[in-house]
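See below for query_6.cif, which holds mmCIF, C-alpha atoms and all ligand atoms.
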```
data_my_file
#
loop_
_atom_site.label_atom_id
_atom_site.label_comp_id
_atom_site.auth_asym_id
_atom_site.auth_seq_id
_atom_site.Cartn_x
_atom_site.Cartn_y
_atom_site.Cartn_z
CA MET Q 1 223.55 18.17 64.21
CA LYS Q 2 224.47 20.58 61.39
CA ARG Q 3 221.83 20.62 58.69
CA ASP Q 4 222.20 21.69 55.06
CA THR Q 5 220.11 24.86 55.00
CA GLU Q 6 220.30 26.44 58.41
CA ILE Q 7 220.56 29.87 56.88
CA GLN Q 8 217.66 29.48 54.45
CA ARG Q 9 213.97 29.64 55.24
CA ILE Q 10 212.06 26.44 54.48
CA ALA Q 11 208.44 26.63 53.29
CA LEU Q 12 205.85 23.91 52.75
CA VAL Q 13 203.10 24.62 50.21
CA THR Q 14 200.17 22.22 49.94
CA GLY Q 15 198.36 22.14 46.62
CA ALA Q 16 201.50 23.26 44.79
CA SER Q 17 200.71 21.37 41.56
CA ARG Q 18 198.59 24.19 40.08
CA GLY Q 19 196.56 27.29 40.79
CA ILE Q 20 197.25 29.59 43.74
CA GLY Q 21 199.57 27.04 45.38
CA ARG Q 22 201.86 26.92 42.36
CA ALA Q 23 202.08 30.72 42.04
CA ALA Q 24 202.70 31.02 45.78
CA ALA Q 25 205.44 28.36 45.68
CA VAL Q 26 207.25 30.36 42.98
CA ALA Q 27 206.81 33.62 44.93
CA LEU Q 28 208.14 32.00 48.12
CA ALA Q 29 211.16 30.64 46.20
CA LYS Q 30 211.83 34.11 44.79
CA ALA Q 31 211.62 35.44 48.37
CA GLY Q 32 214.47 33.10 49.33
CA HIS Q 33 212.68 30.00 50.62
CA HIS Q 34 213.52 26.43 49.77
CA VAL Q 35 210.00 25.24 48.92
CA ILE Q 36 208.60 21.82 49.75
CA CYS Q 37 205.84 21.38 47.16
CA LEU Q 38 203.06 18.94 48.07
CA ALA Q 39 200.19 17.63 45.91
CA ARG Q 40 199.10 14.34 44.31
CA THR Q 41 199.88 15.12 40.65
CA VAL Q 42 203.54 14.48 39.90
CA GLY Q 43 203.42 16.19 36.48
CA GLY Q 44 201.97 19.35 38.03
CA LEU Q 45 204.60 19.35 40.78
CA GLU Q 46 207.33 18.97 38.16
CA GLU Q 47 205.99 21.96 36.24
CA THR Q 48 206.07 23.99 39.47
CA ASP Q 49 209.64 22.79 40.04
CA ASP Q 50 210.60 24.00 36.53
CA LEU Q 51 209.16 27.45 37.28
CA ILE Q 52 211.00 27.62 40.62
CA LYS Q 53 214.29 26.59 39.01
CA ALA Q 54 213.77 29.16 36.22
CA ALA Q 55 213.34 31.78 38.95
CA GLY Q 56 216.67 30.72 40.49
CA GLY Q 57 215.11 28.89 43.44
CA SER Q 58 215.04 25.32 44.74
CA ALA Q 59 212.28 22.88 45.66
CA THR Q 60 211.65 19.45 47.09
CA LEU Q 61 208.66 17.64 45.56
CA VAL Q 62 206.36 15.60 47.80
CA PRO Q 63 203.72 13.66 45.85
CA LEU Q 64 201.26 12.81 48.60
CA ASP Q 65 197.52 12.55 49.21
CA LEU Q 66 196.55 14.82 52.11
CA LYS Q 67 193.95 12.26 53.16
CA ASP Q 68 196.85 10.03 54.27
CA GLY Q 69 197.27 11.23 57.85
CA THR Q 70 200.06 8.76 58.63
CA ALA Q 71 202.04 10.10 55.65
CA LEU Q 72 201.61 13.61 57.08
CA ASP Q 73 203.12 12.39 60.36
CA ARG Q 74 206.03 10.92 58.40
CA LEU Q 75 206.43 14.20 56.50
CA GLY Q 76 206.96 16.02 59.80
CA ALA Q 77 209.64 13.51 60.77
CA SER Q 78 211.35 13.83 57.36
CA ILE Q 79 211.42 17.64 57.52
CA PHE Q 80 212.87 17.41 61.03
CA GLU Q 81 215.62 15.02 59.89
CA ARG Q 82 216.58 17.15 56.90
CA TRP Q 83 216.13 20.72 58.13
CA GLY Q 84 215.24 20.57 61.84
CA LYS Q 85 212.64 23.32 61.41
CA LEU Q 86 209.88 24.69 59.19
CA ASP Q 87 209.63 28.46 58.67
CA ALA Q 88 206.47 28.75 56.60
CA LEU Q 89 203.40 26.57 56.04
CA PHE Q 90 200.96 27.57 53.31
CA ALA Q 91 197.91 25.38 54.01
CA ASN Q 92 196.44 26.00 50.59
CA ALA Q 93 195.24 22.71 49.09
CA GLY Q 94 191.50 22.36 48.95
CA VAL Q 95 188.59 20.79 47.13
CA LEU Q 96 185.28 22.37 46.10
CA GLY Q 97 183.19 19.22 46.30
CA ALA Q 98 179.88 19.66 44.49
CA LEU Q 99 177.68 22.73 44.40
CA SER Q 100 174.27 21.37 45.33
CA PRO Q 101 171.61 21.65 48.02
CA LEU Q 102 172.86 20.18 51.31
CA THR Q 103 170.19 17.49 51.11
CA HIS Q 104 171.52 16.30 47.73
CA LEU Q 105 175.19 16.25 48.68
CA GLU Q 106 176.59 12.74 48.47
CA PRO Q 107 178.09 11.47 51.74
CA LYS Q 108 181.40 10.64 50.05
CA ILE Q 109 181.71 14.25 48.79
CA PHE Q 110 180.89 15.63 52.25
CA ASP Q 111 183.49 13.28 53.78
CA GLU Q 112 186.15 14.38 51.26
CA LEU Q 113 185.48 18.06 51.97
CA LEU Q 114 186.10 17.41 55.64
CA ALA Q 115 189.10 15.13 54.99
CA VAL Q 116 191.02 17.47 52.64
CA ASN Q 117 189.89 20.94 53.72
CA VAL Q 118 189.79 20.35 57.48
CA THR Q 119 191.24 17.12 58.87
CA ALA Q 120 194.39 17.25 56.70
CA ASN Q 121 195.16 20.76 57.95
CA TRP Q 122 194.72 19.66 61.56
CA ARG Q 123 197.00 16.66 60.91
CA LEU Q 124 199.57 18.98 59.28
CA ILE Q 125 199.52 21.44 62.18
CA ARG Q 126 199.77 18.55 64.63
CA SER Q 127 202.74 17.09 62.78
CA LEU Q 128 204.53 20.36 62.03
CA ASP Q 129 203.97 22.41 65.20
CA PRO Q 130 207.33 21.49 66.83
CA LEU Q 131 209.13 22.39 63.57
CA LEU Q 132 207.35 25.75 63.29
CA ARG Q 133 208.28 26.50 66.91
CA ALA Q 134 211.90 25.61 66.08
CA SER Q 135 211.96 28.44 63.52
CA GLN Q 136 212.97 31.93 64.57
CA ALA Q 137 209.82 33.22 62.85
CA GLY Q 138 207.41 30.36 62.03
CA ARG Q 139 204.53 31.49 59.84
CA VAL Q 140 201.30 29.67 58.93
CA LEU Q 141 198.75 30.83 56.38
CA VAL Q 142 195.47 28.96 55.94
CA MET Q 143 193.21 29.43 52.93
CA SER Q 144 189.59 30.25 53.57
CA SER Q 145 186.77 31.66 51.46
CA SER Q 146 184.11 34.35 51.79
CA VAL Q 147 181.42 31.65 52.11
CA ALA Q 148 182.97 30.59 55.44
CA ARG Q 149 181.22 33.57 57.01
CA LYS Q 150 178.45 34.25 54.47
CA PRO Q 151 176.44 31.06 53.90
CA ARG Q 152 175.15 30.76 50.34
CA PRO Q 153 172.67 28.21 48.93
CA PHE Q 154 174.35 25.22 47.20
CA TRP Q 155 177.80 26.04 48.63
CA GLY Q 156 177.05 24.45 52.02
CA GLY Q 157 179.54 21.55 52.00
CA TYR Q 158 182.48 23.69 50.92
CA ALA Q 159 181.43 26.61 53.15
CA MET Q 160 181.12 24.32 56.18
CA SER Q 161 184.66 23.04 55.58
CA LYS Q 162 186.08 26.57 55.23
CA ALA Q 163 184.27 27.79 58.37
CA ALA Q 164 185.76 24.83 60.22
CA VAL Q 165 189.32 25.34 58.96
CA GLU Q 166 189.12 29.07 59.66
CA ASN Q 167 188.15 28.35 63.26
CA LEU Q 168 190.93 25.74 63.46
CA ALA Q 169 193.47 28.30 62.24
CA LEU Q 170 192.30 31.06 64.59
CA THR Q 171 192.32 28.68 67.56
CA TYR Q 172 195.86 27.63 66.67
CA ALA Q 173 196.80 31.31 66.35
CA ALA Q 174 195.56 31.95 69.89
CA GLU Q 175 197.50 28.91 71.15
CA CYS Q 176 200.68 30.24 69.49
CA ALA Q 177 200.26 33.81 70.77
CA SER Q 178 203.15 33.60 73.25
CA THR Q 179 205.52 31.96 70.74
CA ALA Q 180 207.36 33.24 67.65
CA VAL Q 181 204.79 31.45 65.44
CA ARG Q 182 202.17 33.59 63.67
CA VAL Q 183 199.05 32.02 62.18
CA ASN Q 184 196.74 33.87 59.82
CA VAL Q 185 193.94 33.27 57.35
CA LEU Q 186 193.62 34.45 53.75
CA ASN Q 187 190.45 34.85 51.73
CA PRO Q 188 191.73 35.22 48.16
CA GLY Q 189 188.35 35.99 46.58
CA GLY Q 190 187.49 34.62 43.14
CA THR Q 191 190.75 33.72 41.38
CA ALA Q 192 191.24 32.21 37.91
CA THR Q 193 192.05 28.56 38.68
CA ALA Q 194 190.68 25.10 37.93
CA MET Q 195 188.57 25.25 41.10
CA ARG Q 196 187.04 28.58 40.13
CA ALA Q 197 186.29 27.31 36.60
CA LYS Q 198 184.45 24.34 38.14
CA ALA Q 199 182.41 26.65 40.38
CA MET Q 200 181.73 29.33 37.72
CA PRO Q 201 181.94 27.58 34.33
CA GLY Q 202 180.52 30.54 32.35
CA GLU Q 203 182.98 33.10 33.69
CA ASP Q 204 185.74 34.63 31.56
CA PRO Q 205 188.87 33.93 33.67
CA SER Q 206 190.63 37.00 32.29
CA THR Q 207 188.10 39.22 34.15
CA ILE Q 208 189.17 38.12 37.66
CA PRO Q 209 192.52 38.10 39.55
CA GLN Q 210 195.11 35.49 38.51
CA PRO Q 211 197.02 33.23 40.97
CA GLU Q 212 200.13 35.40 40.33
CA ASP Q 213 198.19 38.40 41.67
CA ILE Q 214 197.52 36.63 45.00
CA ALA Q 215 201.05 35.17 45.40
CA PRO Q 216 202.84 38.36 46.60
CA LEU Q 217 200.35 38.69 49.48
CA VAL Q 218 200.94 35.03 50.40
CA ALA Q 219 204.72 35.60 50.44
CA GLN Q 220 204.24 38.75 52.53
CA MET Q 221 202.02 37.00 55.09
CA LEU Q 222 204.56 34.17 55.40
CA SER Q 223 207.56 36.45 55.87
CA PRO Q 224 209.22 37.17 59.25
CA GLU Q 225 208.17 40.81 58.79
CA TRP Q 226 204.48 39.84 59.05
CA THR Q 227 203.90 40.00 62.81
CA GLU Q 228 200.10 40.10 63.01
CA ASN Q 229 198.54 36.96 64.50
CA GLY Q 230 194.99 35.64 64.05
CA ALA Q 231 194.13 38.00 61.19
CA VAL Q 232 191.68 37.15 58.40
CA VAL Q 233 192.92 39.04 55.35
CA ASN Q 234 190.83 39.61 52.25
CA TYR Q 235 192.91 39.86 49.04
CA ARG Q 236 190.54 42.35 47.35
CA GLU Q 237 190.71 44.73 50.34
CA TRP Q 238 194.51 44.38 50.55
CA ALA Q 239 194.85 45.09 46.81
CA LYS Q 240 192.82 48.30 47.20
CA SER Q 241 194.92 49.57 50.14
P1 LIG Q 301 192.96 24.32 42.41
O1 LIG Q 301 191.86 23.33 42.24
O2 LIG Q 301 193.51 25.00 41.22
O3 LIG Q 301 194.19 23.62 43.18
C1 LIG Q 301 193.94 22.82 44.31
C2 LIG Q 301 195.23 22.22 44.76
O4 LIG Q 301 194.96 21.36 45.90
C3 LIG Q 301 195.90 21.38 43.69
O5 LIG Q 301 197.29 21.59 43.69
C4 LIG Q 301 195.57 19.95 44.15
O6 LIG Q 301 196.61 19.08 43.75
C5 LIG Q 301 195.57 20.10 45.66
N1 LIG Q 301 194.82 19.02 46.30
C6 LIG Q 301 193.48 18.79 46.22
N2 LIG Q 301 193.18 17.64 46.87
C7 LIG Q 301 194.35 17.15 47.36
C8 LIG Q 301 194.69 16.00 48.11
N3 LIG Q 301 193.78 15.08 48.49
N4 LIG Q 301 195.98 15.80 48.45
C9 LIG Q 301 196.94 16.70 48.06
N5 LIG Q 301 196.68 17.82 47.36
C10 LIG Q 301 195.39 18.04 47.00
O7 LIG Q 301 192.43 25.36 43.51
P2 LIG Q 301 192.80 26.89 43.82
O8 LIG Q 301 194.22 27.15 43.53
O9 LIG Q 301 191.73 27.72 43.27
O10 LIG Q 301 192.55 26.89 45.40
C11 LIG Q 301 193.56 27.00 46.38
C12 LIG Q 301 192.89 27.30 47.70
O11 LIG Q 301 192.24 28.58 47.62
C13 LIG Q 301 191.82 26.30 48.11
O12 LIG Q 301 191.88 26.06 49.50
C14 LIG Q 301 190.53 27.03 47.76
O13 LIG Q 301 189.44 26.57 48.55
C15 LIG Q 301 190.90 28.46 48.08
N6 LIG Q 301 190.07 29.45 47.40
C16 LIG Q 301 190.09 29.57 46.04
C17 LIG Q 301 189.31 30.51 45.41
C18 LIG Q 301 189.30 30.68 43.92
O14 LIG Q 301 188.48 31.45 43.41
N7 LIG Q 301 190.18 29.99 43.18
C19 LIG Q 301 188.42 31.42 46.18
C20 LIG Q 301 188.48 31.20 47.61
C21 LIG Q 301 189.29 30.26 48.19
P3 LIG Q 301 196.42 17.60 43.16
O15 LIG Q 301 195.09 17.53 42.49
O16 LIG Q 301 197.60 17.46 42.26
O17 LIG Q 301 196.52 16.72 44.37
#
```
Reformat the file's structure so that it appears as structure tokens.
Ligand code: NDP
Amino acid sequence: MKRDTEIQRIALVTGASRGIGRAAAVALAKAGHHVICLARTVGGLEETDDLIKAAGGSATLVPLDLKDGTALDRLGASIFERWGKLDALFANAGVLGALSPLTHLEPKIFDELLAVNVTANWRLIRSLDPLLRASQAGRVLVMSSSVARKPRPFWGGYAMSKAAVENLALTYAAECASTAVRVNVLNPGGTATAMRAKAMPGEDPSTIPQPEDIAPLVAQMLSPEWTENGAVVNYREWAKS
């Protein structure tokens, strides 16, 4: 079957309605990808679409809750029908939960951290793996955080979820080693977004990196030229180099 964009790279960005996901979606469009933008907030997705169009790119909007695993299975089938492959997956969407002692964390918050930050990414990988393998250079980038490896009081729920998703990503990287798929992890460091403002309400956002600062590294790590597999890249260290 001949599909409409065999020559173009197709990228899926989760959490594309704002923050780092939005900036990355625009950067990927500028780098020549057709970008499938996923999040729950339709208005936010539409604003991302406007930015992509203004940059001369194209997008498909997918308003979807990542907690809906069956919908993620259907998404894989839809991408297969339309494009037959997926070249880049930016597994970016995440929630912070609540910063509190582990013993005070509400079970529903703990469950959501696992559902969005971990289970959804496993369901995505499970659904999209055949499509990534169908690409000449499938690339996956999973968002982590410094607390995944450096436990900090009150960040336990979020940190646990990032440690889990980092391990998930690195295991998948090892499983893909003999294929053309490359799977890596990014720790962006503190970045001026809604999540950061929730975690650090007193901070002046102009004093830390902006989502647009992180986006070029995301586009680079999702390009065919990025051949490293199983790397955990720290934005601050990359920016210094
Ligand atoms: P934001 O809160 O600004 O954006 C989060 C994105 O995730 C939104 O687009 C949101 O869309 C989406 N999302 C959340 N829950 C769901 C869901 N159930 N279904 C679908 N989409 C969902 O966060 P950031 O841009 O700051 O964070 C991006 C990633 O970077 C996260 O994984 C975060 O943990 C990580 N990170 C961020 C740091 C920072 O300082 N900003 C530092 C270290 C890591 P919507 O609400 O529309 O569904």
Notebook entry, point to check: With distances taken over all atoms listed in the file, which of Q:Ser58, Q:Asn92, Q:Ser78, Q:Thr227 is nearest to ligand LIG 301 (chain Q)?
Noted result: Q:Asn92
Next item on the list: With all atoms listed in the file counted, collect every polymer residue having an atom within 6 Å of ligand LIG 301 (chain Q); state the result as JSON, numbers by chain.
Entry: {"Q": [15, 16, 17, 18, 19, 20, 21, 39, 40, 41, 64, 65, 66, 67, 92, 93, 94, 95, 116, 143, 144, 145, 187, 188, 189, 190, 191, 192, 193, 194, 195, 196]}
Item checked: Atom pair CA of Gln8 (chain Q) / CA of Ala25 (chain Q): separation (Å) ->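 These atoms are spaced 15.1 Å apart.
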Check: Contacts of Trp155 (chain Q) at 12 Å or less, counting all atoms listed in the file, minus same-chain residues fewer than 6 places along, as a ChimeraX atom specification?
Finding: /Q:96-105,110,113,145-149,161-163,199
Check: How many Å lie between CA of Gly57 (chain Q) and CA of Val218 (chain Q), rounded to one decimal?
Finding: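 These atoms are spaced 16.9 Å apart.
Across the model, the gap from CA of Phe90 (chain Q) to CA of Leu168 (chain Q) is 14.4 Å.
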Notebook entry, point to check: Within 7 Å of (207.9, 30.3, 66.7), in the coordinates the file gives, what residues turn up when you count only C-alpha atoms, written out as a ChimeraX atom specification?
Noted result: /Q:132-138,179-181
Notebook entry, point to check: Closest to Ala164 (chain Q) among Q:Leu114, Q:Val183, Q:Ala177, Q:Leu131, using all atoms listed in the file?
Noted result: Q:Leu114
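Residue nearest Asp68 (chain Q) within the list Q:Ala115, Q:Asp87, Q:Val42, Q:Gly56: Q:Ala115 [criterion: smallest interatomic distance, only C-alpha atoms].
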Item checked: Which residue of Q:Asn167, Q:Ser127, Q:Ser178, Q:Ser223 approaches Ala71 (chain Q) most closely, using only C-alpha atoms -> Q:Ser127
Item checked: Pick from Q:Ile52, Q:Val142, Q:Leu28, Q:Leu61, whichever lies nearest to Ala91 (chain Q) using only C-alpha atoms ->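 Closest candidate: Q:Val142.
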Margin query: Using only C-alpha atoms, can you tell me which of Q:Cys37, Q:Val140, Q:Leu45, Q:Val118 comes closest to Pro224 (chain Q)?
Written below: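 Of Q:Cys37, Q:Val140, Q:Leu45, Q:Val118, the one nearest Pro224 (chain Q) is Q:Val140, counting only C-alpha atoms.
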Please give the centre and size of the box around region 133-138 of chain Q (axis-aligned, containing every atom listed in the file, 3 Å added per side), with values in Å to one decimal and written as AutoDock Vina command-line options.
```
--center_x 210.2 --center_y 29.4 --center_z 64.5 --size_x 11.6 --size_y 13.6 --size_z 10.9
```
Item checked: Who sits within 10 Å of Ala231 (chain Q), all atoms listed in the file, same chain under 4 positions skipped, as number ranges by chain -> Q: 141, 169-170, 173, 182-186
Please complete region 31-42 of chain Q with all heavy atoms and give it back as a PDB file, in the coordinates of the input.
```pdb
ATOM      1  N   ALA Q  31     211.371  34.711  47.115  1.00  0.00           N
ATOM      2  CA  ALA Q  31     211.620  35.440  48.370  1.00  0.00           C
ATOM      3  C   ALA Q  31     212.691  34.750  49.218  1.00  0.00           C
ATOM      4  O   ALA Q  31     212.915  35.139  50.358  1.00  0.00           O
ATOM      5  CB  ALA Q  31     210.316  35.570  49.157  1.00  0.00           C
ATOM      6  N   GLY Q  32     213.321  33.707  48.647  1.00  0.00           N
ATOM      7  CA  GLY Q  32     214.470  33.100  49.330  1.00  0.00           C
ATOM      8  C   GLY Q  32     214.189  31.817  50.088  1.00  0.00           C
ATOM      9  O   GLY Q  32     215.055  31.311  50.794  1.00  0.00           O
ATOM     10  N   HIS Q  33     212.978  31.267  49.946  1.00  0.00           N
ATOM     11  CA  HIS Q  33     212.680  30.000  50.620  1.00  0.00           C
ATOM     12  C   HIS Q  33     213.103  28.807  49.763  1.00  0.00           C
ATOM     13  O   HIS Q  33     213.002  28.861  48.539  1.00  0.00           O
ATOM     14  CB  HIS Q  33     211.184  29.850  50.881  1.00  0.00           C
ATOM     15  CG  HIS Q  33     210.601  30.849  51.820  1.00  0.00           C
ATOM     16  ND1 HIS Q  33     210.311  32.139  51.444  1.00  0.00           N
ATOM     17  CD2 HIS Q  33     210.262  30.751  53.125  1.00  0.00           C
ATOM     18  CE1 HIS Q  33     209.797  32.786  52.485  1.00  0.00           C
ATOM     19  NE2 HIS Q  33     209.771  31.974  53.517  1.00  0.00           N
ATOM     20  N   HIS Q  34     213.534  27.743  50.415  1.00  0.00           N
ATOM     21  CA  HIS Q  34     213.520  26.430  49.770  1.00  0.00           C
ATOM     22  C   HIS Q  34     212.093  25.929  49.949  1.00  0.00           C
ATOM     23  O   HIS Q  34     211.576  25.902  51.072  1.00  0.00           O
ATOM     24  CB  HIS Q  34     214.518  25.469  50.423  1.00  0.00           C
ATOM     25  CG  HIS Q  34     214.439  24.101  49.823  1.00  0.00           C
ATOM     26  ND1 HIS Q  34     215.040  23.780  48.619  1.00  0.00           N
ATOM     27  CD2 HIS Q  34     213.797  22.989  50.237  1.00  0.00           C
ATOM     28  CE1 HIS Q  34     214.776  22.519  48.331  1.00  0.00           C
ATOM     29  NE2 HIS Q  34     214.026  22.011  49.284  1.00  0.00           N
ATOM     30  N   VAL Q  35     211.438  25.529  48.848  1.00  0.00           N
ATOM     31  CA  VAL Q  35     210.000  25.240  48.920  1.00  0.00           C
ATOM     32  C   VAL Q  35     209.731  23.736  48.796  1.00  0.00           C
ATOM     33  O   VAL Q  35     210.121  23.103  47.808  1.00  0.00           O
ATOM     34  CB  VAL Q  35     209.226  26.001  47.826  1.00  0.00           C
ATOM     35  CG1 VAL Q  35     207.724  25.830  48.048  1.00  0.00           C
ATOM     36  CG2 VAL Q  35     209.575  27.489  47.846  1.00  0.00           C
ATOM     37  N   ILE Q  36     209.064  23.206  49.797  1.00  0.00           N
ATOM     38  CA  ILE Q  36     208.600  21.820  49.750  1.00  0.00           C
ATOM     39  C   ILE Q  36     207.203  21.862  49.134  1.00  0.00           C
ATOM     40  O   ILE Q  36     206.283  22.459  49.704  1.00  0.00           O
ATOM     41  CB  ILE Q  36     208.548  21.209  51.168  1.00  0.00           C
ATOM     42  CG1 ILE Q  36     209.907  21.332  51.858  1.00  0.00           C
ATOM     43  CG2 ILE Q  36     208.090  19.762  51.111  1.00  0.00           C
ATOM     44  CD1 ILE Q  36     209.856  21.082  53.369  1.00  0.00           C
ATOM     45  N   CYS Q  37     207.089  21.290  47.934  1.00  0.00           N
ATOM     46  CA  CYS Q  37     205.840  21.380  47.160  1.00  0.00           C
ATOM     47  C   CYS Q  37     205.065  20.078  47.293  1.00  0.00           C
ATOM     48  O   CYS Q  37     205.550  19.022  46.864  1.00  0.00           O
ATOM     49  CB  CYS Q  37     206.151  21.632  45.690  1.00  0.00           C
ATOM     50  SG  CYS Q  37     206.985  23.197  45.370  1.00  0.00           S
ATOM     51  N   LEU Q  38     203.859  20.147  47.831  1.00  0.00           N
ATOM     52  CA  LEU Q  38     203.060  18.940  48.070  1.00  0.00           C
ATOM     53  C   LEU Q  38     201.779  18.969  47.241  1.00  0.00           C
ATOM     54  O   LEU Q  38     201.094  19.991  47.193  1.00  0.00           O
ATOM     55  CB  LEU Q  38     202.733  18.858  49.565  1.00  0.00           C
ATOM     56  CG  LEU Q  38     201.982  17.640  50.090  1.00  0.00           C
ATOM     57  CD1 LEU Q  38     202.286  17.433  51.580  1.00  0.00           C
ATOM     58  CD2 LEU Q  38     200.485  17.703  49.876  1.00  0.00           C
ATOM     59  N   ALA Q  39     201.470  17.849  46.608  1.00  0.00           N
ATOM     60  CA  ALA Q  39     200.190  17.630  45.910  1.00  0.00           C
ATOM     61  C   ALA Q  39     200.208  16.168  45.451  1.00  0.00           C
ATOM     62  O   ALA Q  39     201.206  15.469  45.649  1.00  0.00           O
ATOM     63  CB  ALA Q  39     200.018  18.568  44.725  1.00  0.00           C
ATOM     64  N   ARG Q  40     199.117  15.729  44.797  1.00  0.00           N
ATOM     65  CA  ARG Q  40     199.100  14.340  44.310  1.00  0.00           C
ATOM     66  C   ARG Q  40     199.684  14.216  42.902  1.00  0.00           C
ATOM     67  O   ARG Q  40     200.255  13.195  42.555  1.00  0.00           O
ATOM     68  CB  ARG Q  40     197.650  13.813  44.279  1.00  0.00           C
ATOM     69  CG  ARG Q  40     197.044  13.575  45.638  1.00  0.00           C
ATOM     70  CD  ARG Q  40     195.557  13.406  45.523  1.00  0.00           C
ATOM     71  NE  ARG Q  40     194.960  14.595  44.907  1.00  0.00           N
ATOM     72  CZ  ARG Q  40     193.676  14.748  44.627  1.00  0.00           C
ATOM     73  NH1 ARG Q  40     192.831  13.776  44.899  1.00  0.00           N
ATOM     74  NH2 ARG Q  40     193.230  15.857  44.077  1.00  0.00           N
ATOM     75  N   THR Q  41     199.550  15.256  42.075  1.00  0.00           N
ATOM     76  CA  THR Q  41     199.880  15.120  40.650  1.00  0.00           C
ATOM     77  C   THR Q  41     201.353  15.410  40.388  1.00  0.00           C
ATOM     78  O   THR Q  41     201.801  16.570  40.454  1.00  0.00           O
ATOM     79  CB  THR Q  41     199.006  16.107  39.824  1.00  0.00           C
ATOM     80  OG1 THR Q  41     197.658  15.966  40.238  1.00  0.00           O
ATOM     81  CG2 THR Q  41     199.122  15.837  38.334  1.00  0.00           C
ATOM     82  N   VAL Q  42     202.089  14.342  40.067  1.00  0.00           N
ATOM     83  CA  VAL Q  42     203.540  14.480  39.900  1.00  0.00           C
ATOM     84  C   VAL Q  42     203.876  15.443  38.752  1.00  0.00           C
ATOM     85  O   VAL Q  42     204.758  16.302  38.892  1.00  0.00           O
ATOM     86  CB  VAL Q  42     204.180  13.087  39.662  1.00  0.00           C
ATOM     87  CG1 VAL Q  42     205.654  13.220  39.327  1.00  0.00           C
ATOM     88  CG2 VAL Q  42     203.988  12.211  40.895  1.00  0.00           C
TER      89      VAL Q  42
END
```
